[in-house]
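> First the structure, which I've put down as structure tokens, then a few questions once you've had a look.
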Amino acid sequence: MIQLSKESIEQVLQEIVDKFLIPRFNQLNMNASGQWINSLEVDFDGKFGNIKGQDYTKYLVEGRPNGSMPPISVLIKWVEDKFGYTGQQAINTAWAVAKKIQREGTEYYPDGTDLLEVLQTKEVTDYFNERVADLIIINAVTKFQRIFKELS
């Protein structure tokens with residue numbers, strides 16, 4: 001029986017992140033610092049493939065409702081990355097953004113975004129299936145070549 005290694009499946013998952021998820025993130029103009037992109041990790045546990053990222057992915061997908069203020073420290077970093085502000089200007093802008101979110105919620109709430117939905121498209125499923133099939137064929141050919149060489 002031909003089995004693919006954990007590394008092979010993770011390679012295909014990484015290709016999906018690079019070819020589909022990150023471009024969708026960029027199309028939605030969500031990038032401020034590159035931290036979200038750099039945090040993405042793939043993992044295959046033997047049954048399921050996982051893509052892991054920052055906790056705030058939830059807010060990128062669902063938005064944030066009004067009523068509570070997001071953490072200022074996080075927003076200061078976002079303001080610095082997004083606008084290049086520093087010092088008191090960054091703090092003041094972060095407070096203004098936090099108060100606006102508390103009052104109105106984020107632009108993604110309540111409709112959310114389709115950031116992660118890209119992973120459920122036929123295009124991604126087909127890509128995954130084709131890449132896995134290619135890897136199985138390569139592994140099978142390699143195995144048969146080894147067997148043939150041993151028999152010769």
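Here's how to read the names in the structure tokens: chain A, B, ... by the order shown, residue numbers from 1 in each chain, ligand numbers from 1 in the order shown.
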Just want the 12 Å neighbourhood of Phe83 (chain A), counted on only C-alpha atoms, with same-chain residues fewer than 3 positions away dropped. Output as a VMD selection string.
chain A and resid 31 to 33 75 to 80 86 89 to 90 93 to 94
> Residues at most 7 Å from region 42-44 of chain A, counting only C-alpha atoms, excluding those fewer than 4 positions away in the same chain, as a PyMOL selection string?
chain A and resi 6+9-10+13-14+48-52
> Using DSSP on the backbone coordinates, identify all residues within chain A classified as strand (DSSP E or B); present the result as a ChimeraX atom specification.
/A:41-44,49-52
> Counting only C-alpha atoms, which residue out of A:Gly53, A:Lys100, A:Glu150, A:Arg24 sits closest to Asn38 (chain A)?
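Counting only C-alpha atoms, the residue closest to Asn38 (chain A) is A:Gly53.
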> What's around Asn139 (chain A) at 12 Å? Count only C-alpha atoms, leave out sequence neighbours fewer than 2 positions away in its own chain, and write the answer as a list in words.
Met1, Ile2, Gln3, Leu4, Ser5, Ser8, Val132, Ala133, Asp134, Leu135, Ile136, Ile137, Val141, Thr142, Lys143, Phe144, Gln145 and Arg146 of chain A
> Calculated over only C-alpha atoms, which of the candidates A:Pro71, A:Gly34, A:Gly63, A:Gly84 has the smallest distance to Gly112 (chain A)?
A:Gly63
> Of the residues A:Leu28, A:Val61, A:Val74, A:Leu119, which is the one nearest to Glu15 (chain A), using only C-alpha atoms?
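Among the listed residues, the smallest separation from Glu15 (chain A) belongs to A:Leu119.
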> Taking the backbone alone, and naming residues the way the document does, which bits of chain A are alpha helix (DSSP H) by DSSP, as number ranges by chain?
A: 6-16, 22-27, 35-39, 57-62, 72-83, 87-104, 122-151
> If we count only C-alpha atoms and set the cut-off at 12 Å, which residues sit around Thr113 (chain A), ignoring sequence neighbours fewer than 3 positions away in its own chain? Please answer as a list in words.
Arg24, Phe25, Gln27, Leu28, Asn29, Met30, Thr57, Lys58, Tyr59, Leu60, Val61, Glu62, Gly63, Arg64, Thr106, Glu107, Tyr108, Tyr109, Pro110, Leu116, Glu117 and Val118 of chain A
> I need the residues from that last selection saved to file as a compact mmCIF listing (two decimals), in the first residue's frame (with N, CA and C atoms), if you can.

# COMPACT_ATOMS: atom_id res chain seq x y z
N ARG A 24 -6.11 35.51 -1.02
CA ARG A 24 -7.44 36.00 -0.63
C ARG A 24 -7.32 37.04 0.47
N PHE A 25 -6.45 36.81 1.43
CA PHE A 25 -6.17 37.77 2.50
C PHE A 25 -5.72 39.10 1.91
N GLN A 27 -6.27 40.15 -1.22
CA GLN A 27 -7.38 40.73 -1.99
C GLN A 27 -8.33 41.50 -1.09
N LEU A 28 -8.52 41.00 0.13
CA LEU A 28 -9.41 41.67 1.08
C LEU A 28 -8.73 42.87 1.75
N ASN A 29 -7.48 43.11 1.40
CA ASN A 29 -6.71 44.24 1.92
C ASN A 29 -6.64 44.24 3.45
N MET A 30 -6.39 43.08 4.01
CA MET A 30 -6.36 42.93 5.47
C MET A 30 -4.96 43.07 6.05
N THR A 57 -7.84 35.82 13.94
CA THR A 57 -8.44 35.37 12.67
C THR A 57 -9.96 35.39 12.79
N LYS A 58 -10.45 35.06 13.97
CA LYS A 58 -11.89 35.09 14.22
C LYS A 58 -12.49 36.44 13.85
N TYR A 59 -11.80 37.52 14.22
CA TYR A 59 -12.32 38.85 13.93
C TYR A 59 -12.14 39.23 12.47
N LEU A 60 -11.15 38.66 11.80
CA LEU A 60 -11.00 38.89 10.37
C LEU A 60 -12.13 38.21 9.59
N VAL A 61 -12.60 37.10 10.12
CA VAL A 61 -13.65 36.33 9.45
C VAL A 61 -15.04 36.83 9.85
N GLU A 62 -15.28 37.00 11.14
CA GLU A 62 -16.62 37.33 11.64
C GLU A 62 -16.84 38.81 11.89
N GLY A 63 -15.76 39.55 12.07
CA GLY A 63 -15.88 40.94 12.50
C GLY A 63 -16.03 40.97 14.02
N ARG A 64 -16.13 42.17 14.55
CA ARG A 64 -16.28 42.33 16.00
C ARG A 64 -17.51 43.21 16.25
N THR A 106 -16.73 46.42 14.02
CA THR A 106 -15.81 46.56 12.88
C THR A 106 -16.57 46.49 11.57
N GLU A 107 -15.89 46.87 10.51
CA GLU A 107 -16.54 46.89 9.20
C GLU A 107 -16.97 45.49 8.76
N TYR A 108 -16.35 44.45 9.29
CA TYR A 108 -16.70 43.09 8.88
C TYR A 108 -17.91 42.54 9.63
N TYR A 109 -18.36 43.24 10.65
CA TYR A 109 -19.48 42.75 11.44
C TYR A 109 -20.76 43.40 10.95
N PRO A 110 -21.88 42.73 10.77
CA PRO A 110 -22.17 41.34 11.10
C PRO A 110 -22.01 40.38 9.93
N LEU A 116 -11.82 32.61 4.88
CA LEU A 116 -11.56 31.17 5.01
C LEU A 116 -12.39 30.32 4.05
N GLU A 117 -13.44 30.90 3.51
CA GLU A 117 -14.29 30.15 2.58
C GLU A 117 -13.53 29.72 1.34
N VAL A 118 -12.47 30.44 1.01
CA VAL A 118 -11.66 30.07 -0.14
C VAL A 118 -11.14 28.64 0.00
> Suppose you want the space between CA of Glu41 (chain A) and CA of Asp55 (chain A); what is it in Å?
12.8 Å
> Got a sec: who's within 9 Å of Pro70 (chain A), counting only C-alpha atoms, leaving out chain neighbours fewer than 2 positions off, as number ranges by chain?
A: 64, 68, 72-75, 98-99, 101-102
> I'd like to know which of A:Lys82, A:Asn26, A:Val12, A:Asp18 is closest to Leu40 (chain A), using only C-alpha atoms.
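Counting only C-alpha atoms, the residue closest to Leu40 (chain A) is A:Asp18.
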> I'd like the interatomic distance between CA of Gln11 (chain A) and CA of Asp126 (chain A), to a tenth of an Å.
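Going from CA of Gln11 (chain A) over to CA of Asp126 (chain A), I get 15.8 Å.
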> Could you check how far CA of Gly67 (chain A) sits from CA of Asn92 (chain A), in Å to one decimal?
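Between CA of Gly67 (chain A) and CA of Asn92 (chain A) the gap is 19.9 Å.
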